[in-house]
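So the structure is just underneath, and the comments pick up after that.
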Amino acid sequence: MKFLVYIETDMGDVVASSWEALGAALSLSGDVEAVVIGDRIGEVTEEAVARGAGKVYSVEDETRALFDLDRHLADVKNVLAQSGADAFLASHTTNGRDLAAALGADLGAGVIADALELSLEDGKLKGVRGVYSGNILVDVTVDGSPQIATLRPRAFAPAEKAEGRTAEVMLTDPADVNSPYEVLDVQRAEKGEISLTEASIIVSGGRGVAKDPELGFDLIRQLAGVLGAAVGASRAAVDAGFISYDHQVGQTGKVVRPDLYIACGISGAVQHLAGMGSSKIIVAINKDPEAPIFSVANYGIVADLFEVVPAMTEAAREKLGK
Amino acid sequence: MRYLVCIKQTPDTAELPKISPEEAASGKLSVNLVVNPWDEHAIEAGLQLMETYGGTTGAVTVGDEGAIDALRSALAMGCKDATLVNYAGDSDPQIAAELLAAAVKQDGDVDVVVMGQMTVDGNSGLTPIALARKLDWPMLTGVAKIVELADGSITVERVVGQARLTVKAPTPVVLSVIKEIGEPRYPTFINIRKAARVKIPELTAEDLGVTPPAPVVHISNFRKPPARDAQVKLFEGSPQEAAAALIDALLEEKVL
Ligand SMILES: Cc1cc2nc3c(=O)[nH]c(=O)nc-3n(C[C@H](O)[C@H](O)[C@H](O)COP(=O)(O)OP(=O)(O)OC[C@H]3O[C@@H](n4cnc5c(N)ncnc54)[C@H](O)[C@@H]3O)c2cc1C
Ligand SMILES: Nc1ncnc2c1ncn2[C@@H]1O[C@H](COP(=O)(O)O)[C@@H](O)[C@H]1O
């Protein structure tokens with residue numbers, strides 16, 4: 001089966017989970033091509049080669065610096081026609097999802113959305129995904145050509161780089177389409193702020209910081225800083241105004257999948273678990289030994305987070321040599 | 001102006017863990033059903049549009065008779081009208097989108113369709129985009145704020161990954177909104193009473209003049225995810241002792 005993998009870029013930078021989609025394709029097939037769309041994407045194109053794509057379609061244009069549904073979709077359709085790929089993979093980011101959904105709708109092809117696992121069976125893709133907010137798993141197959149899937153970030157191992165790989169790079173003209181979208185302004189997170197969905201470590205705070213929310217999140221940020229972690233929060237902390245919504249983890253926030261999730265002053269409501277329940281290791285810091293978070297945690301400390309979190313920062317600094 | 005909010009009736013999130021694979025496979029759930037939480041934010045956005053720019057906001061759902069309760073909730077929050085597209089068959093995002101597209105066209109001159117970010121049962125987030133493609137309208141996902149609705153265009157703030165974009169697009173348009181758009185208002189007593197009495201129109205696919213497409217997504221083998229084999233290990237002693245032991249354990253797990 002021939003795969004085409006969408007490598008997402010943003011102002012010339014790659015969206016890292018794209019390499020996981022490439023890795024998934026390479027684990028299933030020896031015939032894997034990639035499509036990179038963006039502006040100033042020379043390095044990303046080279047990296048796709050180094051990470052094992054058999055051929056890379058590179059669509060470079062100023063109008064592609066930011067994702068534009070209509071333009072990127074037209075480019076992907078062009079490349080699909082050239083490549084003749086049987087399957088199309090993208091990471092389930094906002095843009096990857098939008099692109100795959102639009103492609104599926106236009107072609108009448110089904111989409112395996114937000115897959116946690118992927119395999120090939122009888123020449124078709126088979127995905128495993130969560131429904132009912134991850135409380136039930138199902139197998140999914142789709143009709144249509146190409147077979148389309150989007151992959152949950154951090155659920156698949158990224159394609160690894162190797163020295164000396166070569167592959168054909170097809171410089172492809174951007175499709176000639178008018179976009180209905182006009183971007184008037186772009187604001188970005190501060191440099192160095194780690195995205196929750198891509199983070200391998202997350203330190204989160206909940207209502208347990210209430211007696212001094214500013215200090216509480218300061219302590220959480222310091223621990224996160226030492227661990228190279230992203231900062232998350234419960235809805236209660238967000239609703240109380242302790243931290244902004246883009247940090248919310250859970251049912252109506254972000255679904256995350258870090259190797260390590262440290263919940264500080266979070267009770268572990270089902271809606272919070274819906275967002276972080278598939279973290280590899282869960283740590284709970286909570287005053288209340290009966291808090292439900294302890295029933296999903298691997299490690300825990302029953303204590304005041306205002307005492308334990310700074311002690312963890314200190315211990316980590318020492319033991320990690322920072 | 002005319003705004004139409006697409007809502008789905010989904011399980012109460014507190015009860016999601018109780019759903020058994022058998023129930024999920026049959027679709028016959030014994031849990032309490034409510035308006036999909038993201039769609040409550042969509043209703044709020046639709047009502048804010050009506051209040052700021054005039055016009056009327058309606059709600060529409062694709063579902064069975066029972067979904068009328070979700071429409072009554074939308075009316076109780078302040079929507080002016082509601083429509084059930086009565087369809088009890090298999091639903092995947094493209095079938096829902098096909099039926100919703102027909103409902104939007106039948107509604108007349110809709111300027112803005114407002115949808116949620118995703119459903120807590122289907123979890124795909126694909127339906128809004130599929131609808132926009134079927135209508136051949138622009139699609140703005142992840143909308144956190146409506147900056148301005150003007151004659152023939154809309155300007156919104158979208159959250160995409162770590163970035164916040166201000167984007168302008170022509171109307172008619174499809175939006176999917178996130179929680180930042182505004183906390184859903186509580187229904188008023190008067191609206192609840194009115195909503196209880198309204199006769200909600202029901203349309204079938206036939207009434208809408210469409211044949212739902214054959215499903216293109218096939219799901220099987222419903223099962224519970226493997227249970228976490230977490231037997232929690234607690235660290236005791238002074239905060240310093242407990243913290244040091246915890247960091248050692250995490251180093252040993254190779255997650256630091
Ligand atoms: C439709 C819907 C969607 C929702 N979506 C989300 C979502 O996306 N994300 C989410 O998180 N929630 C969500 N919720 C809310 C969820 O039900 C809980 O209300 C919320 O997760 C509770 O947050 P919390 O754990 O911070 O607060 P609480 O439940 O109040 O827990 C605070 C915890 O802190 C502990 N504590 C207090 N002081 C200290 C201290 N000094 N040191 C250590 N521990 C301390 C307490 O023992 C307690 O366990 C949703 C709810 C609904 C109905
Ligand atoms: N059956 C339905 N009826 C009306 N709107 C729906 C339906 N299914 C999905 N939607 C809308 O599409 C959004 C995304 O749903 P989903 O693609 O299932 O995650 C929801 O938040 C709703 O706004």
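Chain lettering (A, B, ...) mirrors the order of the structure tokens, residue numbering begins at 1 for each chain separately, and ligand numbering begins at 1 in order of display.
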Given 9 Å and only C-alpha atoms and all ligand atoms, residues near ligand 2 as a tab-separated table (two decimals) with all heavy atoms, in the first residue's frame:
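Generated output (result-v3.tsv):
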chain	number	residue	atom	x	y	z
B	5	VAL	N	-27.76	26.97	14.81
B	5	VAL	CA	-26.81	26.25	15.66
B	5	VAL	C	-27.07	24.75	15.52
B	5	VAL	O	-28.22	24.31	15.68
B	5	VAL	CB	-26.97	26.66	17.13
B	5	VAL	CG1	-25.89	26.00	17.98
B	5	VAL	CG2	-26.91	28.17	17.29
B	6	CYS	N	-26.03	23.98	15.21
B	6	CYS	CA	-26.18	22.53	15.09
B	6	CYS	C	-25.80	21.90	16.43
B	6	CYS	O	-24.66	22.07	16.89
B	6	CYS	CB	-25.26	21.97	14.02
B	6	CYS	SG	-25.59	22.67	12.40
B	7	ILE	N	-26.73	21.19	17.03
B	7	ILE	CA	-26.45	20.58	18.33
B	7	ILE	C	-26.71	19.08	18.27
B	7	ILE	O	-27.48	18.61	17.45
B	7	ILE	CB	-27.28	21.21	19.47
B	7	ILE	CG1	-28.78	20.95	19.28
B	7	ILE	CG2	-27.02	22.71	19.56
B	7	ILE	CD1	-29.62	21.36	20.48
B	8	LYS	N	-26.05	18.37	19.15
B	8	LYS	CA	-26.28	16.94	19.24
B	8	LYS	C	-26.60	16.58	20.69
B	8	LYS	O	-26.05	17.20	21.61
B	8	LYS	CB	-25.05	16.16	18.76
B	8	LYS	CG	-25.33	14.68	18.60
B	8	LYS	CD	-24.12	13.91	18.11
B	8	LYS	CE	-24.46	12.43	17.93
B	8	LYS	NZ	-23.26	11.60	17.83
B	9	GLN	N	-27.45	15.60	20.84
B	9	GLN	CA	-27.74	15.10	22.18
B	9	GLN	C	-26.75	13.99	22.50
B	9	GLN	O	-26.60	13.05	21.72
B	9	GLN	CB	-29.16	14.54	22.20
B	9	GLN	CG	-29.67	14.24	23.59
B	9	GLN	CD	-31.06	13.64	23.55
B	9	GLN	OE1	-31.37	12.82	22.68
B	9	GLN	NE2	-31.89	14.06	24.47
B	36	ASN	N	-24.75	18.16	24.02
B	36	ASN	CA	-23.29	18.05	23.97
B	36	ASN	C	-22.67	19.33	24.55
B	36	ASN	O	-23.01	20.43	24.11
B	36	ASN	CB	-22.89	17.86	22.50
B	36	ASN	CG	-21.40	17.76	22.30
B	36	ASN	OD1	-20.71	17.06	23.06
B	36	ASN	ND2	-20.89	18.46	21.31
B	37	PRO	N	-21.77	19.21	25.55
B	37	PRO	CA	-21.27	20.41	26.23
B	37	PRO	C	-20.66	21.46	25.29
B	37	PRO	O	-20.87	22.65	25.48
B	37	PRO	CB	-20.21	19.89	27.19
B	37	PRO	CG	-20.27	18.41	27.17
B	37	PRO	CD	-21.29	17.97	26.16
B	38	TRP	N	-19.94	21.04	24.27
B	38	TRP	CA	-19.37	22.02	23.35
B	38	TRP	C	-20.48	22.76	22.61
B	38	TRP	O	-20.33	23.92	22.22
B	38	TRP	CB	-18.46	21.35	22.31
B	38	TRP	CG	-17.23	20.71	22.84
B	38	TRP	CD1	-17.08	19.39	23.18
B	38	TRP	CD2	-15.95	21.33	23.07
B	38	TRP	NE1	-15.79	19.17	23.59
B	38	TRP	CE2	-15.08	20.32	23.52
B	38	TRP	CE3	-15.47	22.62	22.90
B	38	TRP	CZ2	-13.74	20.57	23.83
B	38	TRP	CZ3	-14.14	22.88	23.21
B	38	TRP	CH2	-13.28	21.85	23.68
B	39	ASP	N	-21.61	22.08	22.39
B	39	ASP	CA	-22.70	22.70	21.64
B	39	ASP	C	-23.44	23.73	22.49
B	39	ASP	O	-24.10	24.62	21.96
B	39	ASP	CB	-23.66	21.63	21.11
B	39	ASP	CG	-22.95	20.66	20.19
B	39	ASP	OD1	-21.78	20.93	19.82
B	39	ASP	OD2	-23.54	19.62	19.84
B	40	GLU	N	-23.35	23.61	23.81
B	40	GLU	CA	-23.91	24.66	24.67
B	40	GLU	C	-23.16	25.97	24.41
B	40	GLU	O	-23.75	27.05	24.41
B	40	GLU	CB	-23.78	24.29	26.14
B	40	GLU	CG	-24.66	23.12	26.55
B	40	GLU	CD	-24.70	22.96	28.05
B	40	GLU	OE1	-23.71	23.37	28.72
B	40	GLU	OE2	-25.71	22.44	28.56
B	42	ALA	N	-21.83	26.64	21.55
B	42	ALA	CA	-22.28	27.05	20.21
B	42	ALA	C	-23.61	27.80	20.31
B	42	ALA	O	-23.82	28.82	19.64
B	42	ALA	CB	-22.41	25.83	19.30
B	59	ALA	N	-32.10	26.37	16.29
B	59	ALA	CA	-31.27	25.19	16.59
B	59	ALA	C	-31.75	24.04	15.73
B	59	ALA	O	-32.93	23.93	15.42
B	59	ALA	CB	-31.39	24.83	18.06
B	60	VAL	N	-30.83	23.18	15.36
B	60	VAL	CA	-31.20	22.01	14.56
B	60	VAL	C	-30.38	20.82	15.04
B	60	VAL	O	-29.22	20.96	15.44
B	60	VAL	CB	-30.98	22.27	13.05
B	60	VAL	CG1	-29.54	22.61	12.73
B	60	VAL	CG2	-31.44	21.07	12.21
B	61	THR	N	-31.01	19.66	15.07
B	61	THR	CA	-30.25	18.45	15.39
B	61	THR	C	-30.66	17.33	14.46
B	61	THR	O	-31.79	17.30	13.97
B	61	THR	CB	-30.45	18.02	16.86
B	61	THR	OG1	-29.51	17.00	17.18
B	61	THR	CG2	-31.86	17.48	17.12
B	62	VAL	N	-29.72	16.44	14.22
B	62	VAL	CA	-30.02	15.20	13.52
B	62	VAL	C	-30.05	14.11	14.58
B	62	VAL	O	-29.03	13.88	15.25
B	62	VAL	CB	-28.94	14.87	12.46
B	62	VAL	CG1	-29.18	13.50	11.86
B	62	VAL	CG2	-28.91	15.94	11.39
B	63	GLY	N	-31.18	13.50	14.76
B	63	GLY	CA	-31.29	12.47	15.80
B	63	GLY	C	-32.66	11.85	15.80
B	63	GLY	O	-33.46	12.07	14.88
B	84	LEU	N	-36.06	19.29	14.35
B	84	LEU	CA	-35.49	17.95	14.44
B	84	LEU	C	-35.40	17.35	13.05
B	84	LEU	O	-36.41	17.28	12.34
B	84	LEU	CB	-36.38	17.06	15.32
B	84	LEU	CG	-35.98	15.57	15.36
B	84	LEU	CD1	-34.67	15.37	16.13
B	84	LEU	CD2	-37.08	14.72	15.98
B	85	VAL	N	-34.22	16.95	12.65
B	85	VAL	CA	-34.10	16.13	11.46
B	85	VAL	C	-34.13	14.69	11.97
B	85	VAL	O	-33.17	14.22	12.59
B	85	VAL	CB	-32.81	16.43	10.67
B	85	VAL	CG1	-32.70	15.49	9.48
B	85	VAL	CG2	-32.78	17.88	10.24
B	87	TYR	N	-33.77	11.16	12.16
B	87	TYR	CA	-32.96	10.16	11.47
B	87	TYR	C	-32.38	9.24	12.51
B	87	TYR	O	-31.60	9.65	13.37
B	87	TYR	CB	-31.84	10.85	10.67
B	87	TYR	CG	-30.95	9.86	9.95
B	87	TYR	CD1	-31.40	9.22	8.80
B	87	TYR	CD2	-29.69	9.57	10.44
B	87	TYR	CE1	-30.59	8.31	8.15
B	87	TYR	CE2	-28.88	8.65	9.79
B	87	TYR	CZ	-29.34	8.03	8.65
B	87	TYR	OH	-28.55	7.12	8.02
B	91	SER	N	-25.02	6.87	12.01
B	91	SER	CA	-24.58	8.22	11.73
B	91	SER	C	-23.07	8.30	11.75
B	91	SER	O	-22.44	7.89	12.71
B	91	SER	CB	-25.17	9.19	12.76
B	91	SER	OG	-24.85	10.49	12.39
B	92	ASP	N	-22.50	8.77	10.66
B	92	ASP	CA	-21.10	9.16	10.72
B	92	ASP	C	-21.06	10.62	10.31
B	92	ASP	O	-22.07	11.18	9.90
B	92	ASP	CB	-20.21	8.21	9.90
B	92	ASP	CG	-20.48	8.27	8.41
B	92	ASP	OD1	-20.86	9.34	7.91
B	92	ASP	OD2	-20.29	7.24	7.74
B	93	PRO	N	-19.92	11.27	10.46
B	93	PRO	CA	-19.89	12.71	10.23
B	93	PRO	C	-20.43	13.11	8.86
B	93	PRO	O	-21.07	14.14	8.73
B	93	PRO	CB	-18.40	13.05	10.37
B	93	PRO	CG	-17.88	12.03	11.31
B	93	PRO	CD	-18.64	10.77	11.00
B	94	GLN	N	-20.18	12.28	7.87
B	94	GLN	CA	-20.63	12.69	6.53
B	94	GLN	C	-22.13	12.54	6.33
B	94	GLN	O	-22.74	13.30	5.59
B	94	GLN	CB	-19.86	11.91	5.47
B	94	GLN	CG	-18.38	12.25	5.59
B	94	GLN	CD	-17.59	11.90	4.36
B	94	GLN	OE1	-18.13	11.85	3.27
B	94	GLN	NE2	-16.31	11.67	4.54
B	95	ILE	N	-22.73	11.57	7.01
B	95	ILE	CA	-24.19	11.44	6.93
B	95	ILE	C	-24.82	12.61	7.66
B	95	ILE	O	-25.73	13.27	7.15
B	95	ILE	CB	-24.65	10.08	7.52
B	95	ILE	CG1	-24.09	8.93	6.68
B	95	ILE	CG2	-26.17	10.02	7.58
B	95	ILE	CD1	-24.36	7.55	7.24
B	96	ALA	N	-24.32	12.89	8.88
B	96	ALA	CA	-24.86	14.03	9.63
B	96	ALA	C	-24.70	15.30	8.81
B	96	ALA	O	-25.62	16.12	8.72
B	96	ALA	CB	-24.13	14.16	10.98
B	97	ALA	N	-23.54	15.46	8.17
B	97	ALA	CA	-23.28	16.68	7.40
B	97	ALA	C	-24.23	16.79	6.21
B	97	ALA	O	-24.72	17.87	5.89
B	97	ALA	CB	-21.83	16.71	6.93
B	99	LEU	N	-27.26	15.60	5.92
B	99	LEU	CA	-28.60	15.95	6.39
B	99	LEU	C	-28.63	17.39	6.89
B	99	LEU	O	-29.58	18.14	6.64
B	99	LEU	CB	-29.04	14.98	7.49
B	99	LEU	CG	-29.30	13.55	7.00
B	99	LEU	CD1	-29.35	12.57	8.16
B	99	LEU	CD2	-30.60	13.49	6.20
B	100	LEU	N	-27.58	17.79	7.60
B	100	LEU	CA	-27.52	19.18	8.10
B	100	LEU	C	-27.45	20.16	6.94
B	100	LEU	O	-28.09	21.22	6.96
B	100	LEU	CB	-26.32	19.37	9.03
B	100	LEU	CG	-26.44	18.70	10.41
B	100	LEU	CD1	-25.10	18.74	11.15
B	100	LEU	CD2	-27.53	19.36	11.26
B	114	VAL	N	-23.42	27.78	13.39
B	114	VAL	CA	-22.50	27.67	14.52
B	114	VAL	C	-22.53	26.24	15.03
B	114	VAL	O	-23.61	25.67	15.24
B	114	VAL	CB	-22.88	28.62	15.68
B	114	VAL	CG1	-21.76	28.69	16.70
B	114	VAL	CG2	-23.22	30.01	15.17
B	115	MET	N	-21.35	25.66	15.24
B	115	MET	CA	-21.26	24.27	15.70
B	115	MET	C	-20.29	24.16	16.86
B	115	MET	O	-19.55	25.10	17.16
B	115	MET	CB	-20.83	23.37	14.54
B	115	MET	CG	-21.75	23.54	13.35
B	115	MET	SD	-21.26	22.63	11.91
B	115	MET	CE	-21.83	20.98	12.29
B	116	GLY	N	-20.28	23.00	17.48
B	116	GLY	CA	-19.35	22.76	18.57
B	116	GLY	C	-18.02	22.25	18.03
B	116	GLY	O	-17.87	21.95	16.84
B	117	GLN	N	-17.07	22.13	18.91
B	117	GLN	CA	-15.73	21.71	18.53
B	117	GLN	C	-15.70	20.20	18.28
B	117	GLN	O	-15.04	19.72	17.38
B	117	GLN	CB	-14.77	22.07	19.67
B	117	GLN	CG	-13.35	21.70	19.45
B	117	GLN	CD	-12.68	22.69	18.54
B	117	GLN	OE1	-13.32	23.53	17.92
B	117	GLN	NE2	-11.39	22.60	18.45
B	118	MET	N	-16.42	19.47	19.12
B	118	MET	CA	-16.57	18.04	18.88
B	118	MET	C	-17.64	17.48	19.80
B	118	MET	O	-18.10	18.16	20.71
B	118	MET	CB	-15.24	17.31	19.06
B	118	MET	CG	-14.82	17.05	20.44
B	118	MET	SD	-13.32	16.01	20.36
B	118	MET	CE	-12.80	16.14	22.03
B	119	THR	N	-18.06	16.25	19.50
B	119	THR	CA	-19.05	15.62	20.36
B	119	THR	C	-18.35	14.75	21.39
B	119	THR	O	-17.27	14.20	21.11
B	119	THR	CB	-20.00	14.74	19.53
B	119	THR	OG1	-19.22	13.91	18.66
B	119	THR	CG2	-20.94	15.60	18.69
B	120	VAL	N	-18.96	14.62	22.57
B	120	VAL	CA	-18.31	13.81	23.60
B	120	VAL	C	-18.57	12.32	23.39
B	120	VAL	O	-17.99	11.49	24.09
B	120	VAL	CB	-18.74	14.22	25.04
B	120	VAL	CG1	-18.40	15.67	25.31
B	120	VAL	CG2	-20.21	13.94	25.30
B	121	ASP	N	-19.42	11.97	22.41
B	121	ASP	CA	-19.58	10.54	22.09
B	121	ASP	C	-18.79	10.15	20.84
B	121	ASP	O	-18.01	9.22	20.86
B	121	ASP	CB	-21.08	10.16	21.97
B	121	ASP	CG	-21.85	11.04	20.99
B	121	ASP	OD1	-21.27	11.98	20.42
B	121	ASP	OD2	-23.06	10.76	20.79
B	122	GLY	N	-18.96	10.91	19.75
B	122	GLY	CA	-18.27	10.56	18.49
B	122	GLY	C	-16.82	11.00	18.48
B	122	GLY	O	-15.97	10.37	17.85
B	123	ASN	N	-16.53	12.11	19.18
B	123	ASN	CA	-15.14	12.57	19.38
B	123	ASN	C	-14.35	12.85	18.10
B	123	ASN	O	-13.13	12.80	18.15
B	123	ASN	CB	-14.30	11.52	20.17
B	123	ASN	CG	-14.78	11.26	21.57
B	123	ASN	OD1	-14.52	10.20	22.09
B	123	ASN	ND2	-15.46	12.21	22.18
B	124	SER	N	-15.02	13.12	16.98
B	124	SER	CA	-14.21	13.26	15.78
B	124	SER	C	-13.89	14.72	15.45
B	124	SER	O	-12.80	15.03	14.98
B	124	SER	CB	-14.89	12.61	14.58
B	124	SER	OG	-15.88	13.47	14.04
B	125	GLY	N	-14.85	15.59	15.65
B	125	GLY	CA	-14.67	16.98	15.23
B	125	GLY	C	-14.69	17.17	13.73
B	125	GLY	O	-14.31	18.22	13.22
B	126	LEU	N	-15.12	16.17	12.99
B	126	LEU	CA	-15.09	16.25	11.52
B	126	LEU	C	-16.35	16.87	10.93
B	126	LEU	O	-16.34	17.40	9.82
B	126	LEU	CB	-14.92	14.86	10.90
B	126	LEU	CG	-13.71	14.02	11.32
B	126	LEU	CD1	-13.74	12.68	10.58
B	126	LEU	CD2	-12.42	14.74	11.03
B	127	THR	N	-17.47	16.76	11.67
B	127	THR	CA	-18.77	17.13	11.09
B	127	THR	C	-18.83	18.58	10.59
B	127	THR	O	-19.32	18.83	9.49
B	127	THR	CB	-19.89	16.86	12.11
B	127	THR	OG1	-19.73	15.53	12.61
B	127	THR	CG2	-21.27	17.00	11.48
B	128	PRO	N	-18.32	19.56	11.37
B	128	PRO	CA	-18.41	20.94	10.88
B	128	PRO	C	-17.71	21.13	9.53
B	128	PRO	O	-18.25	21.79	8.63
B	128	PRO	CB	-17.71	21.76	11.98
B	128	PRO	CG	-17.87	20.92	13.22
B	128	PRO	CD	-17.77	19.51	12.73
B	129	ILE	N	-16.54	20.53	9.37
B	129	ILE	CA	-15.80	20.72	8.13
B	129	ILE	C	-16.55	20.03	6.99
B	129	ILE	O	-16.67	20.57	5.88
B	129	ILE	CB	-14.36	20.16	8.24
B	129	ILE	CG1	-13.63	20.85	9.39
B	129	ILE	CG2	-13.57	20.40	6.95
B	129	ILE	CD1	-13.38	20.02	10.60
B	130	ALA	N	-17.06	18.83	7.26
B	130	ALA	CA	-17.81	18.11	6.22
B	130	ALA	C	-19.03	18.92	5.80
B	130	ALA	O	-19.34	19.03	4.61
B	130	ALA	CB	-18.22	16.73	6.74
B	131	LEU	N	-19.69	19.56	6.76
B	131	LEU	CA	-20.86	20.38	6.43
B	131	LEU	C	-20.45	21.57	5.56
B	131	LEU	O	-21.09	21.86	4.54
B	131	LEU	CB	-21.55	20.87	7.71
B	131	LEU	CG	-22.68	21.87	7.48
B	131	LEU	CD1	-23.81	21.26	6.65
B	131	LEU	CD2	-23.23	22.39	8.81
B	176	SER	N	-16.95	26.63	14.02
B	176	SER	CA	-17.03	25.76	15.19
B	176	SER	C	-16.33	26.51	16.32
B	176	SER	O	-15.28	27.11	16.11
B	176	SER	CB	-16.42	24.38	14.94
B	176	SER	OG	-15.02	24.43	14.90
B	177	VAL	N	-16.94	26.50	17.48
B	177	VAL	CA	-16.48	27.38	18.57
B	177	VAL	C	-15.88	26.58	19.72
B	177	VAL	O	-16.17	25.40	19.90
B	177	VAL	CB	-17.63	28.25	19.11
B	177	VAL	CG1	-18.22	29.12	18.01
B	177	VAL	CG2	-18.72	27.41	19.78
Exercise. Could you pull the residues within 9 Å of range 99-105 of chain A, counting only C-alpha atoms, minus those fewer than 3 positions along the same chain, as a PyMOL selection string?
Worked result: (chain A and resi 69-70+72-73+76-77+88-90+92+94-96+108-111+113+144-150) or (chain B and resi 94+97+125-134)
Exercise. For chain B, which residues have at least one atom within 6 Å of chain A, if we go by only C-alpha atoms? Write them as a ChimeraX atom specification, please.
Worked result: /B:17,120-124,126,129-130,162-169,216-225,230,232-235,239-240,243-244
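For the pair atom 49 (O, counted along the ligand's line) of ligand 1 and CA of Arg221 in chain A, the interatomic distance is 19.8 Å.
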Exercise. If you measure from CA of Val256 in chain A to atom 5 (N, counted along the ligand's line) of ligand 1, what distance in Å do you get, rounded to one decimal?
Worked result: 13.6 Å
Problem set entry | Straight-line distance linking CA of Leu171 in chain A with CA of Ser91 in chain A, stated in Å to one decimal |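 Pair CA of Leu171 in chain A / CA of Ser91 in chain A returns 22.7 Å.
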Exercise. Met1 in chain B: which residues within 9 Å, counting only C-alpha atoms, same-chain residues fewer than 5 positions away excluded, as a ChimeraX atom specification?
Worked result: /B:50,53-57,109-112
Only N, CA, C and O atoms, please: the residues just picked out, written as a JSON list (two decimals), in the first residue's frame.
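Result written to out39.json:
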[["chain", "number", "residue", "atom", "x", "y", "z"],
["B", 50, "MET", "N", -27.20, 37.01, 17.76],
["B", 50, "MET", "CA", -28.55, 37.57, 17.63],
["B", 50, "MET", "C", -28.66, 38.87, 18.42],
["B", 50, "MET", "O", -29.21, 39.86, 17.94],
["B", 53, "TYR", "N", -26.12, 41.57, 16.64],
["B", 53, "TYR", "CA", -26.30, 41.97, 15.24],
["B", 53, "TYR", "C", -27.74, 41.85, 14.76],
["B", 53, "TYR", "O", -28.02, 42.11, 13.59],
["B", 54, "GLY", "N", -28.66, 41.44, 15.62],
["B", 54, "GLY", "CA", -30.06, 41.31, 15.23],
["B", 54, "GLY", "C", -30.31, 40.03, 14.46],
["B", 54, "GLY", "O", -29.38, 39.31, 14.10],
["B", 55, "GLY", "N", -31.58, 39.75, 14.21],
["B", 55, "GLY", "CA", -31.93, 38.55, 13.48],
["B", 55, "GLY", "C", -32.44, 37.47, 14.42],
["B", 55, "GLY", "O", -32.79, 37.75, 15.57],
["B", 56, "THR", "N", -32.45, 36.23, 13.93],
["B", 56, "THR", "CA", -32.95, 35.14, 14.76],
["B", 56, "THR", "C", -31.96, 33.96, 14.75],
["B", 56, "THR", "O", -31.28, 33.72, 13.77],
["B", 57, "THR", "N", -31.96, 33.26, 15.88],
["B", 57, "THR", "CA", -31.12, 32.07, 16.02],
["B", 57, "THR", "C", -31.99, 30.85, 16.19],
["B", 57, "THR", "O", -32.86, 30.82, 17.08],
["B", 109, "ASP", "N", -32.19, 31.72, 4.05],
["B", 109, "ASP", "CA", -30.97, 32.50, 3.95],
["B", 109, "ASP", "C", -30.18, 32.51, 5.24],
["B", 109, "ASP", "O", -30.15, 33.52, 5.95],
["B", 110, "VAL", "N", -29.51, 31.43, 5.56],
["B", 110, "VAL", "CA", -28.70, 31.36, 6.78],
["B", 110, "VAL", "C", -27.39, 32.10, 6.52],
["B", 110, "VAL", "O", -26.75, 31.89, 5.49],
["B", 111, "ASP", "N", -27.01, 32.98, 7.45],
["B", 111, "ASP", "CA", -25.75, 33.70, 7.31],
["B", 111, "ASP", "C", -24.61, 32.98, 8.02],
["B", 111, "ASP", "O", -23.49, 32.95, 7.53],
["B", 112, "VAL", "N", -24.91, 32.46, 9.22],
["B", 112, "VAL", "CA", -23.85, 31.83, 10.00],
["B", 112, "VAL", "C", -24.38, 30.52, 10.60],
["B", 112, "VAL", "O", -25.42, 30.52, 11.27]]
Exercise. If you count only C-alpha atoms, which residues fall within 7 Å of Gly265 in chain A, apart from same-chain ones fewer than 6 positions away, as number ranges by chain?
Worked result: A: 205-209, 285-286, 305
Output file for the residues above (N, CA and C atoms, as a short mmCIF file (atom, residue, chain, number, x, y, z; two decimals), in the first residue's frame):
data_model
loop_
_atom_site.label_atom_id
_atom_site.label_comp_id
_atom_site.auth_asym_id
_atom_site.auth_seq_id
_atom_site.Cartn_x
_atom_site.Cartn_y
_atom_site.Cartn_z
N GLY A 205 -2.21 22.25 37.61
CA GLY A 205 -2.75 22.73 38.88
C GLY A 205 -4.26 22.81 38.85
N GLY A 206 -4.87 22.60 40.01
CA GLY A 206 -6.32 22.66 40.11
C GLY A 206 -6.76 23.62 41.21
N ARG A 207 -7.98 23.43 41.66
CA ARG A 207 -8.55 24.31 42.68
C ARG A 207 -7.74 24.25 43.98
N GLY A 208 -6.94 23.21 44.11
CA GLY A 208 -6.10 23.09 45.30
C GLY A 208 -5.14 24.26 45.51
N VAL A 209 -4.95 25.11 44.49
CA VAL A 209 -4.07 26.28 44.68
C VAL A 209 -4.84 27.46 45.26
N ILE A 285 -0.54 14.96 43.66
CA ILE A 285 -0.18 15.66 44.89
C ILE A 285 -1.49 16.23 45.42
N ASN A 286 -1.97 15.71 46.53
CA ASN A 286 -3.28 16.14 47.02
C ASN A 286 -3.36 15.95 48.52
N LEU A 305 0.22 20.98 48.61
CA LEU A 305 1.03 21.21 47.41
C LEU A 305 1.97 22.39 47.58
#
For this session: Find, counting only C-alpha atoms and all ligand atoms, the residue in B:Ile178, B:Glu98, B:Lys18, B:Arg72 that gets nearest to ligand 1.
Result: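 Of B:Ile178, B:Glu98, B:Lys18, B:Arg72, the one nearest ligand 1, counting only C-alpha atoms and all ligand atoms, is B:Ile178.
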